[in-house]
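This is coords-v5.csv. It holds CSV, C-alpha atoms.
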```csv
chain,number,residue,atom,x,y,z
A,1,MET,CA,98.8,-54.9,84.1
A,2,ASP,CA,95.8,-57.3,84.5
A,3,ILE,CA,96.4,-60.7,82.8
A,4,SER,CA,94.1,-63.6,83.6
A,5,VAL,CA,94.1,-67.2,82.4
A,6,ILE,CA,90.9,-68.8,81.1
A,7,ARG,CA,90.0,-72.0,79.2
A,8,LYS,CA,88.1,-71.7,76.0
A,9,ARG,CA,87.2,-73.5,72.8
A,10,PHE,CA,86.4,-71.6,69.6
A,11,LEU,CA,83.8,-72.4,66.9
A,12,LEU,CA,84.0,-69.6,64.4
A,13,ALA,CA,82.6,-68.6,61.0
A,14,GLY,CA,84.1,-65.8,59.0
A,15,TYR,CA,86.6,-65.0,56.3
A,16,GLU,CA,90.4,-65.4,55.9
A,17,VAL,CA,93.1,-63.6,54.0
A,18,ALA,CA,96.9,-63.9,53.6
A,19,MET,CA,98.4,-60.7,54.9
A,20,ASP,CA,101.7,-59.1,54.0
A,21,PHE,CA,102.5,-56.3,56.4
A,22,ASN,CA,104.5,-54.4,53.9
A,23,LYS,CA,102.1,-54.6,50.9
A,24,GLY,CA,98.4,-54.1,50.8
A,25,PHE,CA,97.9,-54.6,54.5
A,26,LYS,CA,95.2,-52.0,55.0
A,27,ALA,CA,93.3,-53.0,51.9
A,28,GLU,CA,93.3,-56.7,52.9
A,29,MET,CA,92.2,-55.9,56.4
A,30,GLN,CA,89.3,-53.7,55.0
A,31,TRP,CA,88.3,-56.5,52.7
A,32,VAL,CA,88.1,-59.3,55.3
A,33,ARG,CA,86.3,-57.1,57.8
A,34,GLY,CA,83.9,-55.8,55.1
A,35,GLU,CA,83.1,-59.4,54.0
A,36,LEU,CA,82.1,-60.3,57.5
A,37,GLU,CA,80.0,-57.1,57.9
A,38,ARG,CA,78.2,-57.7,54.6
A,39,SER,CA,77.5,-61.4,55.5
A,40,ILE,CA,76.7,-61.1,59.2
A,41,ASP,CA,73.0,-61.5,58.7
A,42,ARG,CA,73.4,-64.7,56.7
A,43,ILE,CA,75.4,-66.5,59.4
A,44,GLY,CA,73.3,-68.6,61.7
A,45,GLY,CA,73.9,-69.7,65.3
A,46,LYS,CA,75.6,-66.5,66.4
A,47,THR,CA,76.5,-66.5,70.1
A,48,GLU,CA,75.3,-63.7,72.3
A,49,PRO,CA,76.7,-61.2,73.0
A,50,MET,CA,78.2,-61.2,69.5
A,51,ARG,CA,81.8,-60.3,69.5
A,52,LEU,CA,84.2,-60.1,66.5
A,53,VAL,CA,87.2,-62.5,66.6
A,54,GLY,CA,90.5,-61.9,64.8
A,55,PHE,CA,92.8,-64.9,64.6
A,56,TRP,CA,96.4,-64.2,63.6
A,57,GLN,CA,98.2,-67.4,62.3
A,58,PRO,CA,101.7,-67.8,60.9
A,59,TYR,CA,101.3,-68.3,57.2
A,60,ARG,CA,103.4,-71.5,56.5
A,61,ALA,CA,103.7,-70.9,52.7
A,62,PHE,CA,105.2,-67.5,53.3
A,63,LEU,CA,107.4,-68.8,56.0
A,64,GLU,CA,108.8,-71.6,53.9
A,65,THR,CA,109.5,-69.3,50.8
A,66,PRO,CA,110.1,-65.8,52.2
A,67,ASP,CA,110.2,-63.0,49.6
A,68,GLU,CA,113.2,-60.8,49.0
A,69,THR,CA,112.0,-58.2,51.4
A,70,GLY,CA,111.8,-60.7,54.3
A,71,ALA,CA,108.3,-59.2,55.0
A,72,ALA,CA,106.3,-60.3,58.0
A,73,LYS,CA,103.3,-62.3,56.7
A,74,ALA,CA,100.5,-64.1,58.3
A,75,LYS,CA,97.0,-65.5,57.8
A,76,TYR,CA,94.3,-63.4,59.4
A,77,PHE,CA,90.9,-65.0,60.1
A,78,PHE,CA,88.1,-62.6,61.0
A,79,GLY,CA,84.7,-63.8,62.1
A,80,ILE,CA,82.3,-64.5,64.9
A,81,GLU,CA,81.6,-67.2,67.4
A,82,ILE,CA,78.8,-69.6,66.5
A,83,SER,CA,77.0,-72.3,68.4
A,84,GLY,CA,76.8,-74.8,65.6
A,85,LEU,CA,77.5,-75.5,61.9
A,86,GLU,CA,73.9,-75.1,60.6
A,87,SER,CA,73.1,-72.1,58.4
A,88,ILE,CA,76.7,-71.1,57.5
A,89,PRO,CA,77.1,-69.4,54.1
A,90,SER,CA,79.1,-71.5,51.6
A,91,ASP,CA,81.7,-68.7,51.2
A,92,CYS,CA,82.4,-68.5,54.9
A,93,VAL,CA,85.5,-70.2,56.5
A,94,VAL,CA,84.8,-72.3,59.6
A,95,ARG,CA,87.4,-72.6,62.2
A,96,VAL,CA,87.2,-75.1,65.1
A,97,ILE,CA,89.9,-74.4,67.7
A,98,ALA,CA,90.3,-77.0,70.4
A,99,GLU,CA,90.0,-76.0,74.0
A,100,SER,CA,93.1,-74.5,75.4
A,101,ALA,CA,94.2,-72.2,78.3
A,102,TYR,CA,94.6,-68.6,77.2
A,103,ALA,CA,96.3,-65.6,78.8
A,104,VAL,CA,93.9,-62.8,78.4
A,105,TYR,CA,94.7,-59.1,78.4
A,106,ARG,CA,92.4,-56.1,77.7
A,107,GLU,CA,94.5,-54.0,75.3
A,108,ALA,CA,93.8,-50.3,75.6
A,109,SER,CA,95.1,-49.7,72.0
A,110,ARG,CA,96.0,-52.4,69.6
A,111,GLY,CA,99.7,-53.2,69.3
A,112,SER,CA,100.4,-52.6,73.0
A,113,ALA,CA,99.8,-56.1,74.4
A,114,PRO,CA,102.7,-57.3,76.6
A,115,LYS,CA,103.0,-60.7,74.8
A,116,ALA,CA,106.2,-61.7,76.5
A,117,GLU,CA,104.5,-61.3,79.8
A,118,MET,CA,101.4,-63.1,78.6
A,119,TYR,CA,103.6,-66.1,77.6
A,120,ALA,CA,105.2,-66.1,81.1
A,121,GLN,CA,102.2,-67.1,83.2
A,122,PRO,CA,103.2,-69.3,86.2
A,123,GLY,CA,102.7,-73.0,85.4
A,124,TYR,CA,102.1,-72.4,81.7
A,125,VAL,CA,104.0,-72.3,78.4
A,126,TYR,CA,102.9,-71.3,74.9
A,127,ASN,CA,100.6,-73.8,73.2
A,128,PRO,CA,102.0,-74.4,69.7
A,129,GLU,CA,99.1,-76.6,68.8
A,130,ILE,CA,96.9,-73.5,68.4
A,131,ALA,CA,99.7,-71.6,66.5
A,132,GLY,CA,98.3,-68.1,66.6
A,133,ASP,CA,96.7,-65.6,68.9
A,134,PHE,CA,93.4,-63.9,69.1
A,135,GLU,CA,91.9,-60.4,69.3
A,136,ILE,CA,88.3,-60.1,70.3
A,137,PHE,CA,86.4,-56.9,69.6
A,138,ASP,CA,83.1,-55.7,71.1
A,139,GLY,CA,81.6,-55.0,67.7
A,140,PHE,CA,82.1,-53.3,64.3
A,141,ASP,CA,82.2,-49.9,65.9
A,142,SER,CA,85.3,-50.9,67.9
A,143,LEU,CA,87.6,-51.6,64.9
A,144,GLY,CA,89.2,-48.2,64.4
A,145,GLU,CA,92.8,-47.4,65.3
A,146,GLY,CA,93.5,-47.5,69.0
A,147,ASP,CA,90.2,-49.2,69.9
A,148,PRO,CA,90.4,-51.7,72.7
A,149,CYS,CA,90.2,-55.4,72.3
A,150,ASP,CA,90.9,-58.6,74.4
A,151,VAL,CA,94.1,-60.3,73.3
A,152,LEU,CA,94.2,-64.1,73.9
A,153,VAL,CA,97.5,-66.0,73.7
A,154,PRO,CA,97.2,-69.8,73.8
A,155,LEU,CA,98.9,-71.6,76.7
A,156,ARG,CA,99.3,-75.2,77.9
A,157,PHE,CA,100.3,-76.5,81.3
A,158,LEU,CA,104.0,-76.7,82.0
A,159,GLU,CA,105.0,-80.3,82.2
A,160,ALA,CA,106.8,-81.3,85.3
A,161,LYS,CA,110.3,-82.7,84.8
```

Once more with this new file: its structure as C-alpha coordinates, please.
Amino acid sequence: MDISVIRKRFLLAGYEVAMDFNKGFKAEMQWVRGELERSIDRIGGKTEPMRLVGFWQPYRAFLETPDETGAAKAKYFFGIEISGLESIPSDCVVRVIAESAYAVYREASRGSAPKAEMYAQPGYVYNPEIAGDFEIFDGFDSLGEGDPCDVLVPLRFLEAK
(Lines of atoms letter the chains of each structure in order from A and count residues from 1; the text may use other names and numbers.)
(Lines give C-alpha, C1' and ligand atoms only; values in the text may rest on other atoms or scores of the structure.)
Protein backbone atom coordinates (compact mmCIF):
# COMPACT_ATOMS: atom_id res chain seq x y z
CA MET A 1 0.00 0.00 0.00
CA ASP A 2 1.41 3.36 -1.04
CA ILE A 3 0.39 6.16 1.36
CA SER A 4 2.15 9.50 1.18
CA VAL A 5 1.79 12.69 3.21
CA ILE A 6 1.39 16.07 1.49
CA ARG A 7 0.48 19.63 2.56
CA LYS A 8 -2.41 21.27 0.74
CA ARG A 9 -4.89 24.14 0.94
CA PHE A 10 -8.18 23.94 -0.93
CA LEU A 11 -10.15 26.73 -2.60
CA LEU A 12 -13.21 25.08 -4.14
CA ALA A 13 -16.39 25.99 -5.99
CA GLY A 14 -19.25 23.54 -6.46
CA TYR A 15 -22.45 22.22 -4.92
CA GLU A 16 -23.38 20.61 -1.63
CA VAL A 17 -26.08 18.22 -0.47
CA ALA A 18 -27.09 16.50 2.77
CA MET A 19 -26.78 12.75 2.24
CA ASP A 20 -28.66 9.94 3.95
CA PHE A 21 -26.97 6.68 3.06
CA ASN A 22 -30.23 4.74 3.55
CA LYS A 23 -32.62 7.02 1.62
CA GLY A 24 -32.12 8.67 -1.74
CA PHE A 25 -28.32 8.40 -1.72
CA LYS A 26 -27.96 7.61 -5.42
CA ALA A 27 -30.38 10.38 -6.49
CA GLU A 28 -28.66 12.97 -4.29
CA MET A 29 -25.24 11.95 -5.61
CA GLN A 30 -26.49 12.21 -9.21
CA TRP A 31 -28.01 15.64 -8.49
CA VAL A 32 -24.88 17.19 -6.95
CA ARG A 33 -22.60 15.81 -9.65
CA GLY A 34 -25.04 16.79 -12.39
CA GLU A 35 -25.24 20.37 -11.07
CA LEU A 36 -21.48 20.70 -11.27
CA GLU A 37 -21.32 19.21 -14.76
CA ARG A 38 -24.08 21.60 -15.99
CA SER A 39 -22.33 24.60 -14.41
CA ILE A 40 -18.68 23.81 -15.11
CA ASP A 41 -18.37 26.29 -18.00
CA ARG A 42 -19.73 29.13 -15.83
CA ILE A 43 -17.11 28.70 -13.09
CA GLY A 44 -14.10 30.97 -13.56
CA GLY A 45 -10.55 30.45 -12.35
CA LYS A 46 -10.43 26.68 -12.78
CA THR A 47 -7.04 25.22 -11.93
CA GLU A 48 -5.27 22.96 -14.42
CA PRO A 49 -5.42 20.09 -14.66
CA MET A 50 -9.04 20.27 -13.62
CA ARG A 51 -9.88 17.52 -11.14
CA LEU A 52 -13.18 16.93 -9.38
CA VAL A 53 -13.18 17.13 -5.58
CA GLY A 54 -15.63 15.40 -3.28
CA PHE A 55 -15.55 16.48 0.38
CA TRP A 56 -17.38 14.26 2.90
CA GLN A 57 -18.24 16.09 6.13
CA PRO A 58 -20.16 14.91 9.18
CA TYR A 59 -23.55 16.59 9.06
CA ARG A 60 -23.94 18.14 12.52
CA ALA A 61 -27.73 18.60 12.35
CA PHE A 62 -28.14 14.89 11.61
CA LEU A 63 -25.65 13.89 14.29
CA GLU A 64 -27.42 15.94 16.98
CA THR A 65 -30.90 14.64 16.10
CA PRO A 66 -30.48 11.18 14.59
CA ASP A 67 -33.57 9.64 13.07
CA GLU A 68 -35.17 6.41 14.22
CA THR A 69 -33.11 4.32 11.77
CA GLY A 70 -29.77 5.60 13.08
CA ALA A 71 -28.82 6.14 9.43
CA ALA A 72 -25.36 7.30 8.55
CA LYS A 73 -25.60 10.85 7.24
CA ALA A 74 -23.16 13.44 5.98
CA LYS A 75 -22.80 16.59 3.90
CA TYR A 76 -21.21 16.00 0.54
CA PHE A 77 -19.58 18.87 -1.34
CA PHE A 78 -18.68 18.23 -4.97
CA GLY A 79 -16.72 20.78 -6.95
CA ILE A 80 -13.45 21.84 -8.51
CA GLU A 81 -10.37 23.68 -7.36
CA ILE A 82 -10.27 27.35 -8.32
CA SER A 83 -7.51 29.94 -8.23
CA GLY A 84 -9.66 32.85 -7.01
CA LEU A 85 -13.17 33.98 -6.18
CA GLU A 86 -13.89 35.96 -9.33
CA SER A 87 -16.51 34.64 -11.77
CA ILE A 88 -18.20 32.15 -9.44
CA PRO A 89 -21.91 31.61 -10.19
CA SER A 90 -24.21 32.75 -7.39
CA ASP A 91 -25.70 29.27 -6.98
CA CYS A 92 -22.26 27.72 -6.29
CA VAL A 93 -20.99 26.98 -2.80
CA VAL A 94 -17.42 28.13 -2.12
CA ARG A 95 -15.27 26.20 0.35
CA VAL A 96 -11.97 27.54 1.67
CA ILE A 97 -10.13 24.77 3.48
CA ALA A 98 -7.08 25.85 5.48
CA GLU A 99 -3.74 24.27 4.71
CA SER A 100 -3.25 20.92 6.38
CA ALA A 101 -1.16 17.81 6.05
CA TYR A 102 -3.00 14.96 4.30
CA ALA A 103 -2.42 11.25 4.04
CA VAL A 104 -2.96 10.43 0.35
CA TYR A 105 -3.86 7.03 -1.05
CA ARG A 106 -4.74 6.16 -4.65
CA GLU A 107 -7.87 4.07 -4.26
CA ALA A 108 -8.29 1.42 -6.93
CA SER A 109 -12.04 1.20 -6.31
CA ARG A 110 -14.03 3.52 -4.08
CA GLY A 111 -14.74 2.23 -0.62
CA SER A 112 -11.49 0.31 -0.27
CA ALA A 113 -9.25 3.00 1.25
CA PRO A 114 -7.49 1.77 4.39
CA LYS A 115 -8.50 4.79 6.49
CA ALA A 116 -7.29 3.32 9.78
CA GLU A 117 -3.83 3.01 8.26
CA MET A 118 -4.08 6.49 6.74
CA TYR A 119 -4.79 7.97 10.17
CA ALA A 120 -1.76 6.17 11.63
CA GLN A 121 1.01 8.00 9.78
CA PRO A 122 4.16 8.35 11.94
CA GLY A 123 4.30 11.76 13.66
CA TYR A 124 0.70 12.69 12.75
CA VAL A 125 -2.83 12.41 14.14
CA TYR A 126 -6.20 13.16 12.55
CA ASN A 127 -6.84 16.90 12.09
CA PRO A 128 -10.33 17.56 13.51
CA GLU A 129 -10.24 21.19 12.31
CA ILE A 130 -10.87 19.96 8.75
CA ALA A 131 -13.62 17.52 9.87
CA GLY A 132 -13.96 15.45 6.75
CA ASP A 133 -12.03 13.69 4.06
CA PHE A 134 -11.61 14.21 0.35
CA GLU A 135 -11.83 12.15 -2.80
CA ILE A 136 -10.29 13.59 -5.96
CA PHE A 137 -11.31 12.26 -9.37
CA ASP A 138 -9.52 12.76 -12.68
CA GLY A 139 -12.68 13.94 -14.47
CA PHE A 140 -16.37 13.31 -15.05
CA ASP A 141 -15.53 10.10 -16.92
CA SER A 142 -13.98 8.64 -13.74
CA LEU A 143 -17.13 8.79 -11.59
CA GLY A 144 -18.59 5.34 -12.22
CA GLU A 145 -18.63 2.49 -9.75
CA GLY A 146 -15.18 1.18 -9.05
CA ASP A 147 -13.31 4.04 -10.69
CA PRO A 148 -10.10 5.14 -9.01
CA CYS A 149 -9.66 8.35 -7.05
CA ASP A 150 -7.20 9.88 -4.62
CA VAL A 151 -8.40 9.79 -1.02
CA LEU A 152 -7.05 12.51 1.30
CA VAL A 153 -7.43 12.29 5.08
CA PRO A 154 -6.48 15.46 7.03
CA LEU A 155 -3.65 15.14 9.55
CA ARG A 156 -1.79 17.40 11.93
CA PHE A 157 1.59 17.02 13.60
CA LEU A 158 1.57 14.90 16.73
CA GLU A 159 2.34 17.19 19.64
CA ALA A 160 5.26 16.12 21.82
CA LYS A 161 4.41 15.42 25.45

Review point. Which of these, A:Asn127, A:Gln57, A:Gln30, A:Thr47, has the shortest distance to A:Phe140 once you count only C-alpha atoms?
Key: A:Gln30

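Reported to one decimal place, the separation of atom CA of A:Asp150 from atom CA of A:Met50 is 13.9 Å.
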
Exercise for review: Between A:Gly45, A:Ile3, A:Gly54, A:Ala74, single out the one closest to A:Phe25, counting only C-alpha atoms.
Suggested key: A:Ala74

Practice item. Would you kindly return, as a PyMOL selection string, each protein, DNA or RNA residue with an atom no farther than 12 Å from any atom of A:Arg33, considering all atoms listed in the file and excluding same-chain residues fewer than 3 positions away? Key: chain A and resi 14-17+26-30+36-40+52-54+76-80+137+139-144

Practice item. Fewer than 3 positions away in the same chain doesn't count, so skip those; otherwise give me all residues within 10 Å of stretch 85-87 of chain A, counting all atoms listed in the file, as JSON, numbers by chain. Key: {"A": [11, 12, 13, 42, 43, 44, 45, 82, 90, 94]}

Review point. What's the 10 Å shell around A:Glu99, counting all atoms listed in the file, without same-chain residues fewer than 2 positions away, as a PyMOL selection string?
Key: chain A and resi 7-10+96-97+101-102+130+154

Practice item. Compare A:Cys92, A:Val5, A:Met19, A:Ala98 by their minimum atom-to-atom distance to A:Trp56, counting only C-alpha atoms, and give me the closest one. Key: A:Met19

Exercise for review: Work out how far apart atom CA of A:Leu152 and atom CA of A:Val104 are and give it in Å to one decimal.
Suggested key: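 That distance, rounded to one decimal, is 4.7 Å.
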
Contacts of A:Phe157 at 10 Å (all atoms listed in the file; same-chain gap of 5+ positions) as a JSON list (two decimals) with C-alpha atoms, in the coordinates of the input:
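As a result, part27.json now contains:
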```json
[["chain", "number", "residue", "atom", "x", "y", "z"],
["A", 100, "SER", "CA", 93.10, -74.50, 75.40],
["A", 101, "ALA", "CA", 94.20, -72.20, 78.30],
["A", 121, "GLN", "CA", 102.20, -67.10, 83.20],
["A", 122, "PRO", "CA", 103.20, -69.30, 86.20],
["A", 123, "GLY", "CA", 102.70, -73.00, 85.40],
["A", 124, "TYR", "CA", 102.10, -72.40, 81.70],
["A", 125, "VAL", "CA", 104.00, -72.30, 78.40],
["A", 126, "TYR", "CA", 102.90, -71.30, 74.90],
["A", 127, "ASN", "CA", 100.60, -73.80, 73.20]]
```

**Study point:** From A:Cys149, A:Leu158, A:Val93, A:Val32, residue lying nearest A:Arg51 [only C-alpha atoms]
**Key:**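 For A:Arg51, the nearest of the given residues is A:Cys149.
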
Check your understanding: Looking at A:Asp41, A:Asp138, A:Glu35, A:Glu129, which one is nearest to A:Arg106, with distances taken over all atoms listed in the file?
Key ->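 That would be A:Asp138, the residue with the smallest distance to A:Arg106.
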
Centre, x/y/z edge lengths, axis-aligned box for stretch 3-17 of chain A with 4 Å per side, as JSON:
```
{"center_x": 89.5, "center_y": -67.1, "center_z": 68.8, "size_x": 21.8, "size_y": 20.8, "size_z": 37.6}
```

**Study point:** Atom pair atom CA of A:Ser83 / atom CA of A:Arg95: separation (Å)
**Key:**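 Here the two named atoms are 12.1 Å from each other.
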
Check your understanding: So, counting only C-alpha atoms, which residue among A:Ala103, A:Gly84, A:Ala131, A:Lys46 is closest to A:Ile6?
Key ->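 For A:Ile6, the nearest of the candidates is A:Ala103.
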